[in-house]
$ cat input.csv   # CSV, C-alpha atoms
chain,number,residue,atom,x,y,z
A,158,MET,CA,83.6,18.5,-28.9
A,159,THR,CA,86.0,17.6,-26.1
A,160,GLN,CA,87.0,14.0,-25.6
A,161,VAL,CA,85.4,14.0,-22.1
A,162,ARG,CA,82.0,15.2,-23.5
A,163,LYS,CA,82.1,12.7,-26.3
A,164,ALA,CA,82.8,9.8,-23.8
A,165,ALA,CA,79.9,11.0,-21.6
A,166,ARG,CA,77.6,11.0,-24.6
A,167,ASN,CA,78.7,7.5,-25.6
A,168,ILE,CA,78.1,6.3,-22.0
A,169,GLU,CA,74.6,7.9,-22.1
A,170,GLU,CA,74.0,5.7,-25.2
A,171,VAL,CA,75.1,2.6,-23.2
A,172,LEU,CA,72.7,3.7,-20.4
A,173,ASP,CA,69.9,4.0,-23.0
A,174,PHE,CA,70.8,0.6,-24.4
A,175,LEU,CA,70.6,-1.0,-20.9
A,176,ARG,CA,67.3,0.8,-20.2
A,177,ASP,CA,65.8,-0.2,-23.6
A,178,ASN,CA,66.8,-3.8,-23.0
A,179,GLN,CA,65.6,-3.8,-19.4
A,180,LEU,CA,69.0,-4.8,-18.1
A,181,LEU,CA,70.5,-4.1,-14.6
A,182,LEU,CA,74.3,-3.7,-14.6
A,183,ALA,CA,76.9,-4.7,-12.1
A,184,THR,CA,80.7,-4.1,-12.4
A,185,ALA,CA,83.5,-6.1,-10.9
A,186,GLU,CA,86.6,-4.0,-11.2
A,187,SER,CA,90.2,-4.6,-10.3
A,188,CYS,CA,92.5,-2.7,-12.6
A,189,THR,CA,90.1,0.2,-13.1
A,190,ALA,CA,89.3,0.3,-9.3
A,191,GLY,CA,85.7,1.6,-9.7
A,192,LEU,CA,86.2,3.9,-12.8
A,193,MET,CA,83.6,2.0,-14.8
A,194,ALA,CA,80.9,2.3,-12.2
A,195,GLY,CA,82.0,5.9,-11.5
A,196,HIS,CA,81.8,7.0,-15.1
A,197,PHE,CA,78.4,5.3,-15.4
A,198,ALA,CA,77.2,7.0,-12.2
A,199,ASP,CA,78.2,10.4,-13.7
A,200,VAL,CA,75.3,10.1,-16.1
A,201,SER,CA,71.9,11.2,-15.0
A,202,GLY,CA,69.5,8.3,-14.8
A,203,SER,CA,72.2,5.7,-14.1
A,204,GLY,CA,70.5,4.6,-10.9
A,205,ALA,CA,67.7,3.0,-13.0
A,206,VAL,CA,70.2,0.5,-14.5
A,207,LEU,CA,73.3,0.4,-12.2
A,208,GLU,CA,72.9,-2.3,-9.5
A,209,VAL,CA,76.3,-2.4,-7.8
A,210,GLY,CA,80.0,-1.9,-8.4
A,211,PHE,CA,82.5,-4.3,-6.8
A,212,VAL,CA,86.0,-3.0,-6.4
A,213,VAL,CA,88.2,-6.0,-5.7
A,214,TYR,CA,91.9,-5.0,-5.9
A,215,SER,CA,93.6,-7.7,-3.8
A,216,PRO,CA,93.6,-11.4,-4.4
A,217,GLN,CA,91.8,-11.8,-1.0
A,218,ALA,CA,89.0,-9.5,-2.1
A,219,LYS,CA,88.6,-11.3,-5.4
A,220,MET,CA,88.3,-14.6,-3.5
A,221,GLY,CA,86.2,-13.3,-0.5
A,222,CYS,CA,83.8,-11.0,-2.3
A,223,LEU,CA,83.4,-12.7,-5.7
A,224,GLY,CA,84.3,-16.3,-5.0
A,225,VAL,CA,87.4,-16.4,-7.4
A,226,ALA,CA,89.1,-19.7,-6.7
A,227,GLU,CA,92.6,-19.5,-5.2
A,228,GLN,CA,93.6,-22.3,-7.6
A,229,THR,CA,92.5,-20.2,-10.6
A,230,ILE,CA,94.8,-17.3,-9.4
A,231,GLU,CA,97.7,-19.7,-8.9
A,232,ASP,CA,97.2,-21.5,-12.2
A,233,HIS,CA,96.6,-18.4,-14.4
A,234,GLY,CA,97.7,-15.4,-12.5
A,235,LEU,CA,95.7,-12.3,-11.5
A,236,THR,CA,95.9,-10.8,-15.0
A,237,SER,CA,94.0,-13.5,-16.9
A,238,ILE,CA,90.7,-14.1,-18.6
A,239,GLU,CA,90.1,-17.0,-16.2
A,240,VAL,CA,90.2,-14.8,-13.1
A,241,THR,CA,88.1,-12.1,-14.9
A,242,ARG,CA,85.5,-14.7,-15.9
A,243,GLU,CA,85.2,-15.9,-12.2
A,244,MET,CA,84.9,-12.3,-11.1
A,245,ALA,CA,82.1,-11.6,-13.6
A,246,LEU,CA,80.3,-14.8,-12.7
A,247,GLY,CA,80.7,-14.2,-9.0
A,248,ALA,CA,79.2,-10.7,-9.3
A,249,LEU,CA,76.3,-12.1,-11.3
A,250,GLN,CA,75.6,-14.6,-8.5
A,251,ARG,CA,76.0,-12.0,-5.7
A,252,SER,CA,73.7,-9.3,-7.2
A,253,ARG,CA,70.4,-8.7,-8.8
A,254,ALA,CA,72.2,-7.7,-12.0
A,255,ASP,CA,71.3,-9.2,-15.4
A,256,ILE,CA,74.7,-8.4,-16.9
A,257,VAL,CA,78.1,-7.9,-15.4
A,258,LEU,CA,81.2,-6.2,-16.7
A,259,ALA,CA,84.5,-7.2,-15.0
A,260,ASN,CA,88.2,-6.5,-15.5
A,261,THR,CA,91.6,-7.1,-14.1
A,262,GLY,CA,95.0,-6.2,-15.5
A,263,MET,CA,98.3,-4.4,-15.1
A,264,ALA,CA,98.1,-0.6,-15.7
A,265,GLU,CA,101.8,-0.4,-15.3
A,266,SER,CA,104.3,-3.2,-15.1
A,267,GLU,CA,107.8,-4.1,-16.2
A,268,GLY,CA,107.4,-6.8,-18.9
A,269,GLU,CA,104.8,-8.5,-21.1
A,270,LEU,CA,101.8,-7.6,-18.9
A,271,ASP,CA,102.3,-3.9,-19.1
A,272,GLY,CA,99.1,-2.2,-20.2
A,273,LEU,CA,97.2,-5.5,-20.5
A,274,ILE,CA,93.6,-5.5,-19.3
A,275,CYS,CA,91.4,-8.6,-19.4
A,276,PHE,CA,87.6,-8.1,-19.7
A,277,ALA,CA,84.8,-10.5,-19.1
A,278,CYS,CA,81.1,-9.9,-19.5
A,279,ALA,CA,78.6,-12.4,-17.9
A,280,MET,CA,74.8,-12.4,-18.4
A,281,ARG,CA,71.8,-14.4,-17.5
A,282,VAL,CA,70.0,-15.9,-20.5
A,283,ASP,CA,67.0,-18.1,-19.8
A,284,ASP,CA,68.3,-18.8,-16.2
A,285,GLU,CA,71.6,-19.9,-17.7
A,286,MET,CA,74.9,-18.0,-17.1
A,287,ARG,CA,76.9,-17.1,-20.2
A,288,TRP,CA,80.1,-15.2,-20.5
A,289,THR,CA,82.5,-13.8,-23.1
A,290,GLY,CA,85.8,-12.1,-22.7
A,291,GLU,CA,88.8,-10.5,-24.3
A,292,SER,CA,92.3,-9.1,-23.5
A,293,VAL,CA,93.3,-5.7,-24.7
A,294,ARG,CA,96.7,-3.9,-24.4
A,295,PHE,CA,96.5,-0.2,-23.9
A,296,GLN,CA,99.4,2.3,-24.2
A,297,GLY,CA,100.1,5.2,-21.9
A,298,ASP,CA,100.8,5.9,-18.3
A,299,ARG,CA,99.2,4.1,-15.4
A,300,ASN,CA,96.1,6.3,-15.1
A,301,GLY,CA,95.8,6.7,-18.9
A,302,VAL,CA,95.6,2.9,-19.2
A,303,ARG,CA,93.1,2.6,-16.4
A,304,GLU,CA,90.9,5.3,-18.0
A,305,ALA,CA,91.1,3.8,-21.5
A,306,GLY,CA,90.3,0.4,-20.1
A,307,ALA,CA,87.2,1.7,-18.2
A,308,LEU,CA,85.9,3.4,-21.3
A,309,HIS,CA,86.6,0.4,-23.5
A,310,GLY,CA,84.7,-1.9,-21.2
A,311,LEU,CA,81.7,0.4,-20.9
A,312,LEU,CA,81.5,1.3,-24.5
A,313,ASN,CA,81.7,-2.3,-25.6
A,314,LEU,CA,78.9,-3.5,-23.4
A,315,PRO,CA,76.3,-3.6,-26.3
A,316,LEU,CA,78.7,-5.7,-28.3
A,317,TYR,CA,79.3,-8.1,-25.4
A,318,HIS,CA,75.5,-8.3,-25.0
A,319,ARG,CA,75.0,-9.2,-28.6
A,320,ARG,CA,77.6,-12.0,-28.3
A,321,LEU,CA,76.0,-13.4,-25.2
A,322,SER,CA,72.4,-13.1,-26.5
A,323,SER,CA,73.2,-14.9,-29.8
A,324,GLY,CA,75.3,-17.5,-28.0
A,325,ALA,CA,77.7,-17.6,-30.9
A,326,GLU,CA,80.7,-16.3,-29.0
A,327,SER,CA,79.8,-17.2,-25.5
A,328,GLN,CA,80.5,-20.0,-23.0
A,329,ARG,CA,77.6,-21.5,-21.2
A,330,LEU,CA,77.5,-22.6,-17.7
A,331,PRO,CA,75.0,-24.6,-15.5
A,332,ARG,CA,72.0,-22.9,-14.0
A,333,LEU,CA,72.6,-19.9,-11.9
A,334,THR,CA,72.9,-20.3,-8.2
A,335,ARG,CA,72.3,-17.2,-6.2
A,336,ILE,CA,74.6,-16.3,-3.2
A,337,ARG,CA,73.2,-14.1,-0.5
A,338,VAL,CA,75.0,-10.8,-0.3
A,339,ASP,CA,75.4,-11.3,3.5
A,340,ASP,CA,77.7,-14.2,2.6
A,341,ALA,CA,79.9,-12.2,0.3
A,342,CYS,CA,83.2,-10.7,1.3
A,343,ARG,CA,84.1,-13.3,3.9
$ encode --input "input.csv" --output "structure tokens"
Amino acid sequence: MTQVRKAARNIEEVLDFLRDNQLLLATAESCTAGLMAGHFADVSGSGAVLEVGFVVYSPQAKMGCLGVAEQTIEDHGLTSIEVTREMALGALQRSRADIVLANTGMAESEGELDGLICFACAMRVDDEMRWTGESVRFQGDRNGVREAGALHGLLNLPLYHRRLSSGAESQRLPRLTRIRVDDACR
């Protein structure tokens, strides 16, 4: 079986997981620039569980579309769990999604950030926002890192969901405040 076909089958399993758990997904992508949503949309039936995909490559887009605080970017840098967490929570507030998968990272860089992608997953649990995250270093060229990161995020969605549902490895935040989509990206 080819690696592409195996990945597609695994993504189908994630789609089934979302459908079985009645979850609507949103993505908030920087490093992968829409690959997660694109891979998901490649699978028949994805429209039943895919709400929206935000591609926010620039700092201005992260701040304007998802509400990432400029101070967070200044304090922690663009490739950080803190920025990714705010991306995930911002997408959760700006969509009808129940669960959000976000990432930011450096697909190619000179130095310590080379191949590093930060992931955050946020979810509504009893009208409370919870999130979990991790940083993973991938090897390869620019597009290989982006592809590996997109698949890593998607295929780990059930694991992130378990962490968030149990509350054991998640952070809790105050009640969810919805933001109108019309107010996003300003």
$ atom_distance --input "input.csv" --atom1 "atom CA of A:Ala264" --atom2 "atom CA of A:Met193"
14.8 Å
$ closest_residue --input "input.csv" --among "A:Val206, A:Val200, A:Ala185, A:Ala218" --to "A:Ala248" --atoms "all atoms listed in the file"
A:Ala185
$ closest_residue --input "input.csv" --among "A:Gly204, A:Asp199, A:Met263, A:Gln250" --to "A:Asp298" --atoms "all atoms listed in the file"
A:Met263
$ atom_distance --input "input.csv" --atom1 "atom CA of A:Glu208" --atom2 "atom CA of A:Thr184"
8.5 Å
$ atom_distance --input "input.csv" --atom1 "atom CA of A:Val213" --atom2 "atom CA of A:Phe174"
26.4 Å
$ residues_around --input "input.csv" --residues "A:Glu170" --least-positions-apart "5" --cutoff "12 Å" --atoms "only C-alpha atoms" --output "list in words"
Lys163, Ala164, Ala165, Leu175, Arg176, Asp177, Phe197, Val200, Ser201, Gly202, Ser203, Leu311, Leu312, Asn313, Leu314 and Pro315 of chain A
